Amino acid sequence: MACYNGHLEVAKLLSSYGASRAAVPPFDTPEEIATEEGHADLAAWLVASRGWTPLAHLETLTAARALSLLRSGASLHEGEPTPLQRAAGGEGEAAALIRRAAEPWSPASHSLFPAAAREYAVTVMRIGYQIALSPPDDAEARPDWSALSDVWREHVLPHAVAR
């Protein structure tokens, strides 16, 4: 109905939530409907955005929705163009979140990772903490946890935790 009536913003919003663009018999595809009804701008957008995932819809994506998609495991590299490719030159909070999410794990990017990756990061950090506190044969040889935690957080976790 959005394509039939030429509602570009509604079509963008529906698409950003993953609305199907498949034709449902006896109807045509959304692109065909928009073209037949004379909504050239809508038809052009539908063609240009074909293959986008919900995370790629930067124009309608709020920061909260982008965060929700990222934390749910939305891919930065799926679709054509990918959300990361679109965010590379994009402005706004959603684009900035996507660019940050592409960086290696860090305390600053922790909240942008899916739940399983966040849980894994906590587990790996706890392992480092247990290593630092494990009793060595020589009490003088016990590492300083504050120094070890920095090394662990900056050099181990970014390579251990993947998106």
# chains A, B, ... in the order shown; residues from 1 in each chain; ligands from 1
$ residues_around --residues "range 62-77 of chain A" --least-positions-apart "4" --cutoff "12 Å" --atoms "only C-alpha atoms" --output "PyMOL selection string"
chain A and resi 13+16-18+51-58+81-88+91-103+109-119+162-163
$ select_by_dssp --residues "chain A" --states "alpha helix (DSSP H)" --output "MDAnalysis selection string"
chainID A and resid 2:5 8:16 30:36 40:48 63:71 83:88 93:101 115:133 145:151 157:160
$ atom_distance --atom1 "CA of Pro158 in chain A" --atom2 "CA of Ser106 in chain A"
6.3 Å
$ residues_around --residues "Asp150 in chain A" --least-positions-apart "5" --cutoff "12 Å" --atoms "only C-alpha atoms" --output "ChimeraX atom specification"
/A:106-107,125,128-129,132,144-145,155-158
$ closest_residue --among "A:Arg21, A:His159, A:His39, A:Arg50" --to "His7 in chain A" --atoms "only C-alpha atoms"
A:His39
